[in-house]
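Undergrad: Got upload-v7.pdb for you, PDB, N, CA and C atoms, pLDDT in the B column:
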```pdb
ATOM      1  N   MET A   4      94.580-136.549 -70.829  1.00 56.00           N
ATOM      2  CA  MET A   4      95.352-137.696 -70.404  1.00 56.00           C
ATOM      3  C   MET A   4      94.402-138.799 -69.916  1.00 56.00           C
ATOM      4  N   ALA A   5      94.684-140.003 -70.223  1.00 79.00           N
ATOM      5  CA  ALA A   5      93.798-141.126 -69.912  1.00 79.00           C
ATOM      6  C   ALA A   5      93.629-141.347 -68.407  1.00 79.00           C
ATOM      7  N   THR A   6      94.639-141.034 -67.612  1.00 86.00           N
ATOM      8  CA  THR A   6      94.565-141.281 -66.178  1.00 86.00           C
ATOM      9  C   THR A   6      93.903-140.144 -65.426  1.00 86.00           C
ATOM     10  N   GLY A   7      93.726-138.987 -66.074  1.00 88.00           N
ATOM     11  CA  GLY A   7      93.151-137.838 -65.397  1.00 88.00           C
ATOM     12  C   GLY A   7      94.162-137.059 -64.584  1.00 88.00           C
ATOM     13  N   TYR A   8      95.423-137.458 -64.625  1.00 89.00           N
ATOM     14  CA  TYR A   8      96.474-136.768 -63.878  1.00 89.00           C
ATOM     15  C   TYR A   8      96.778-135.427 -64.531  1.00 89.00           C
ATOM     16  N   LYS A   9      96.769-134.374 -63.738  1.00 89.00           N
ATOM     17  CA  LYS A   9      97.115-133.045 -64.234  1.00 89.00           C
ATOM     18  C   LYS A   9      98.241-132.501 -63.353  1.00 89.00           C
ATOM     19  N   PRO A  10      99.460-132.407 -63.877  1.00 86.00           N
ATOM     20  CA  PRO A  10     100.583-131.946 -63.059  1.00 86.00           C
ATOM     21  C   PRO A  10     100.418-130.480 -62.664  1.00 86.00           C
ATOM     22  N   GLU A  11     101.025-130.116 -61.541  1.00 89.00           N
ATOM     23  CA  GLU A  11     100.980-128.731 -61.084  1.00 89.00           C
ATOM     24  C   GLU A  11     101.809-127.854 -62.012  1.00 89.00           C
ATOM     25  N   TYR A  12     101.502-126.564 -62.018  1.00 92.00           N
ATOM     26  CA  TYR A  12     102.236-125.604 -62.830  1.00 92.00           C
ATOM     27  C   TYR A  12     103.688-125.534 -62.357  1.00 92.00           C
ATOM     28  N   TRP A  13     104.626-125.494 -63.298  1.00 91.00           N
ATOM     29  CA  TRP A  13     106.057-125.444 -62.986  1.00 91.00           C
ATOM     30  C   TRP A  13     106.423-124.069 -62.461  1.00 91.00           C
ATOM     31  N   GLN A  14     107.059-124.027 -61.308  1.00 91.00           N
ATOM     32  CA  GLN A  14     107.473-122.777 -60.678  1.00 91.00           C
ATOM     33  C   GLN A  14     108.979-122.576 -60.856  1.00 91.00           C
ATOM     34  N   PRO A  15     109.475-121.321 -60.808  1.00 90.00           N
ATOM     35  CA  PRO A  15     110.918-121.083 -60.909  1.00 90.00           C
ATOM     36  C   PRO A  15     111.712-121.845 -59.839  1.00 90.00           C
ATOM     37  N   GLU A  16     111.125-121.993 -58.651  1.00 92.00           N
ATOM     38  CA  GLU A  16     111.824-122.732 -57.588  1.00 92.00           C
ATOM     39  C   GLU A  16     112.032-124.188 -57.969  1.00 92.00           C
ATOM     40  N   ASP A  17     111.133-124.733 -58.781  1.00 92.00           N
ATOM     41  CA  ASP A  17     111.276-126.112 -59.230  1.00 92.00           C
ATOM     42  C   ASP A  17     112.548-126.288 -60.053  1.00 92.00           C
ATOM     43  N   SER A  18     112.844-125.316 -60.900  1.00 92.00           N
ATOM     44  CA  SER A  18     114.075-125.371 -61.696  1.00 92.00           C
ATOM     45  C   SER A  18     115.300-125.314 -60.795  1.00 92.00           C
ATOM     46  N   ALA A  19     115.266-124.443 -59.781  1.00 91.00           N
ATOM     47  CA  ALA A  19     116.386-124.338 -58.845  1.00 91.00           C
ATOM     48  C   ALA A  19     116.567-125.640 -58.077  1.00 91.00           C
ATOM     49  N   LEU A  20     115.470-126.264 -57.670  1.00 90.00           N
ATOM     50  CA  LEU A  20     115.539-127.530 -56.937  1.00 90.00           C
ATOM     51  C   LEU A  20     116.138-128.631 -57.795  1.00 90.00           C
ATOM     52  N   ILE A  21     115.720-128.717 -59.053  1.00 91.00           N
ATOM     53  CA  ILE A  21     116.280-129.730 -59.955  1.00 91.00           C
ATOM     54  C   ILE A  21     117.778-129.522 -60.109  1.00 91.00           C
ATOM     55  N   PHE A  22     118.200-128.261 -60.264  1.00 89.00           N
ATOM     56  CA  PHE A  22     119.623-127.947 -60.387  1.00 89.00           C
ATOM     57  C   PHE A  22     120.383-128.393 -59.135  1.00 89.00           C
ATOM     58  N   CYS A  23     119.841-128.086 -57.957  1.00 85.00           N
ATOM     59  CA  CYS A  23     120.493-128.478 -56.704  1.00 85.00           C
ATOM     60  C   CYS A  23     120.567-129.998 -56.561  1.00 85.00           C
ATOM     61  N   LEU A  24     119.483-130.683 -56.888  1.00 85.00           N
ATOM     62  CA  LEU A  24     119.485-132.143 -56.786  1.00 85.00           C
ATOM     63  C   LEU A  24     120.474-132.778 -57.757  1.00 85.00           C
ATOM     64  N   LEU A  25     120.572-132.216 -58.957  1.00 85.00           N
ATOM     65  CA  LEU A  25     121.534-132.722 -59.928  1.00 85.00           C
ATOM     66  C   LEU A  25     122.955-132.551 -59.409  1.00 85.00           C
ATOM     67  N   ASN A  26     123.270-131.375 -58.894  1.00 82.00           N
ATOM     68  CA  ASN A  26     124.605-131.138 -58.344  1.00 82.00           C
ATOM     69  C   ASN A  26     124.873-132.043 -57.142  1.00 82.00           C
ATOM     70  N   PHE A  27     123.881-132.205 -56.284  1.00 74.00           N
ATOM     71  CA  PHE A  27     124.023-133.039 -55.101  1.00 74.00           C
ATOM     72  C   PHE A  27     124.302-134.487 -55.489  1.00 74.00           C
ATOM     73  N   SER A  28     123.613-134.974 -56.510  1.00 73.00           N
ATOM     74  CA  SER A  28     123.778-136.370 -56.911  1.00 73.00           C
ATOM     75  C   SER A  28     125.111-136.619 -57.600  1.00 73.00           C
ATOM     76  N   GLN A  29     125.750-135.559 -58.097  1.00 78.00           N
ATOM     77  CA  GLN A  29     127.037-135.700 -58.763  1.00 78.00           C
ATOM     78  C   GLN A  29     128.205-135.594 -57.779  1.00 78.00           C
ATOM     79  N   SER A  30     127.887-135.416 -56.528  1.00 73.00           N
ATOM     80  CA  SER A  30     128.913-135.264 -55.501  1.00 73.00           C
ATOM     81  C   SER A  30     129.682-136.571 -55.315  1.00 73.00           C
ATOM     82  N   ALA A  31     131.005-136.454 -55.260  1.00 77.00           N
ATOM     83  CA  ALA A  31     131.850-137.636 -55.066  1.00 77.00           C
ATOM     84  C   ALA A  31     131.711-138.181 -53.647  1.00 77.00           C
ATOM     85  N   ASN A  32     131.314-137.331 -52.717  1.00 80.00           N
ATOM     86  CA  ASN A  32     131.180-137.755 -51.323  1.00 80.00           C
ATOM     87  C   ASN A  32     129.717-137.772 -50.888  1.00 80.00           C
ATOM     88  N   LEU A  33     128.863-138.263 -51.754  1.00 77.00           N
ATOM     89  CA  LEU A  33     127.420-138.258 -51.493  1.00 77.00           C
ATOM     90  C   LEU A  33     127.048-138.916 -50.163  1.00 77.00           C
ATOM     91  N   PRO A  34     127.593-140.081 -49.817  1.00 83.00           N
ATOM     92  CA  PRO A  34     127.215-140.676 -48.522  1.00 83.00           C
ATOM     93  C   PRO A  34     127.557-139.774 -47.329  1.00 83.00           C
ATOM     94  N   GLU A  35     128.701-139.096 -47.387  1.00 85.00           N
ATOM     95  CA  GLU A  35     129.075-138.200 -46.299  1.00 85.00           C
ATOM     96  C   GLU A  35     128.148-136.985 -46.247  1.00 85.00           C
ATOM     97  N   GLU A  36     127.757-136.483 -47.412  1.00 79.00           N
ATOM     98  CA  GLU A  36     126.839-135.338 -47.464  1.00 79.00           C
ATOM     99  C   GLU A  36     125.492-135.710 -46.856  1.00 79.00           C
ATOM    100  N   ILE A  37     124.994-136.880 -47.160  1.00 83.00           N
ATOM    101  CA  ILE A  37     123.713-137.332 -46.613  1.00 83.00           C
ATOM    102  C   ILE A  37     123.819-137.510 -45.109  1.00 83.00           C
ATOM    103  N   SER A  38     124.906-138.104 -44.645  1.00 86.00           N
ATOM    104  CA  SER A  38     125.106-138.281 -43.200  1.00 86.00           C
ATOM    105  C   SER A  38     125.163-136.934 -42.488  1.00 86.00           C
ATOM    106  N   SER A  39     125.865-135.976 -43.078  1.00 83.00           N
ATOM    107  CA  SER A  39     125.963-134.637 -42.484  1.00 83.00           C
ATOM    108  C   SER A  39     124.602-133.964 -42.424  1.00 83.00           C
ATOM    109  N   LEU A  40     123.825-134.101 -43.482  1.00 84.00           N
ATOM    110  CA  LEU A  40     122.487-133.512 -43.512  1.00 84.00           C
ATOM    111  C   LEU A  40     121.604-134.123 -42.434  1.00 84.00           C
ATOM    112  N   MET A  41     121.656-135.447 -42.298  1.00 87.00           N
ATOM    113  CA  MET A  41     120.843-136.122 -41.286  1.00 87.00           C
ATOM    114  C   MET A  41     121.271-135.700 -39.881  1.00 87.00           C
ATOM    115  N   LEU A  42     122.568-135.584 -39.667  1.00 84.00           N
ATOM    116  CA  LEU A  42     123.078-135.147 -38.363  1.00 84.00           C
ATOM    117  C   LEU A  42     122.638-133.720 -38.072  1.00 84.00           C
ATOM    118  N   ALA A  43     122.735-132.846 -39.061  1.00 82.00           N
ATOM    119  CA  ALA A  43     122.356-131.450 -38.869  1.00 82.00           C
ATOM    120  C   ALA A  43     120.872-131.305 -38.540  1.00 82.00           C
ATOM    121  N   GLN A  44     120.051-132.228 -39.007  1.00 85.00           N
ATOM    122  CA  GLN A  44     118.619-132.162 -38.750  1.00 85.00           C
ATOM    123  C   GLN A  44     118.246-132.719 -37.381  1.00 85.00           C
ATOM    124  N   THR A  45     119.175-133.400 -36.716  1.00 87.00           N
ATOM    125  CA  THR A  45     118.824-134.023 -35.442  1.00 87.00           C
ATOM    126  C   THR A  45     119.505-133.413 -34.230  1.00 87.00           C
ATOM    127  N   VAL A  46     120.540-132.612 -34.428  1.00 82.00           N
ATOM    128  CA  VAL A  46     121.225-131.995 -33.282  1.00 82.00           C
ATOM    129  C   VAL A  46     121.090-130.473 -33.367  1.00 82.00           C
ATOM    130  N   SER A  47     121.343-129.822 -32.261  1.00 75.00           N
ATOM    131  CA  SER A  47     121.272-128.362 -32.244  1.00 75.00           C
ATOM    132  C   SER A  47     122.514-127.764 -32.905  1.00 75.00           C
ATOM    133  N   ILE A  48     122.392-126.527 -33.345  1.00 72.00           N
ATOM    134  CA  ILE A  48     123.461-125.861 -34.091  1.00 72.00           C
ATOM    135  C   ILE A  48     124.751-125.776 -33.277  1.00 72.00           C
ATOM    136  N   ASP A  49     124.659-125.564 -31.974  1.00 74.00           N
ATOM    137  CA  ASP A  49     125.865-125.423 -31.163  1.00 74.00           C
ATOM    138  C   ASP A  49     126.681-126.716 -31.075  1.00 74.00           C
ATOM    139  N   LYS A  50     126.085-127.859 -31.442  1.00 70.00           N
ATOM    140  CA  LYS A  50     126.810-129.125 -31.400  1.00 70.00           C
ATOM    141  C   LYS A  50     127.455-129.494 -32.746  1.00 70.00           C
ATOM    142  N   LEU A  51     127.125-128.743 -33.798  1.00 66.00           N
ATOM    143  CA  LEU A  51     127.696-129.020 -35.106  1.00 66.00           C
ATOM    144  C   LEU A  51     129.120-128.490 -35.210  1.00 66.00           C
ATOM    145  N   PRO A  52     129.994-129.205 -35.931  1.00 65.00           N
ATOM    146  CA  PRO A  52     131.364-128.692 -36.101  1.00 65.00           C
ATOM    147  C   PRO A  52     131.351-127.407 -36.911  1.00 65.00           C
ATOM    148  N   GLY A  53     132.283-126.531 -36.586  1.00 61.00           N
ATOM    149  CA  GLY A  53     132.333-125.213 -37.252  1.00 61.00           C
ATOM    150  C   GLY A  53     133.144-125.193 -38.424  1.00 61.00           C
TER     151      GLY A  53
END
```
What does this structure look like when you write it as structure tokens?

TA:
Amino acid sequence: MATGYKPEYWQPEDSALIFCLLNFSQSANLPEEISSLMLAQTVSIDKLPG
């Protein structure tokens, strides 16, 4: 390759991640999913709705 870039070897987890990202992006409520993810990353588990 002219740029010298050599991509890393593809791992099985990479395929699973692509599948998850594809499903996530097809979600009709994507903004709510992102907000929930951000909230879950900033508060403790006991404060999350059950």

Undergrad: Grab the CA of Phe27 (chain A) to atom N of Gln44 (chain A) distance for me, in Å with one decimal place.

TA: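 Atom N of Gln44 (chain A) lies at a distance of 16.6 Å from CA of Phe27 (chain A).
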
Undergrad: CA of Ser47 (chain A) and CA of Pro34 (chain A) are how many Å apart?

TA: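 That distance, rounded to one decimal, is 21.3 Å.
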
Undergrad: In Å, rounded to a single decimal, give me how far CA of Ala19 (chain A) is from CA of Ser38 (chain A).

TA: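 Between these atoms lies a distance of 22.7 Å.
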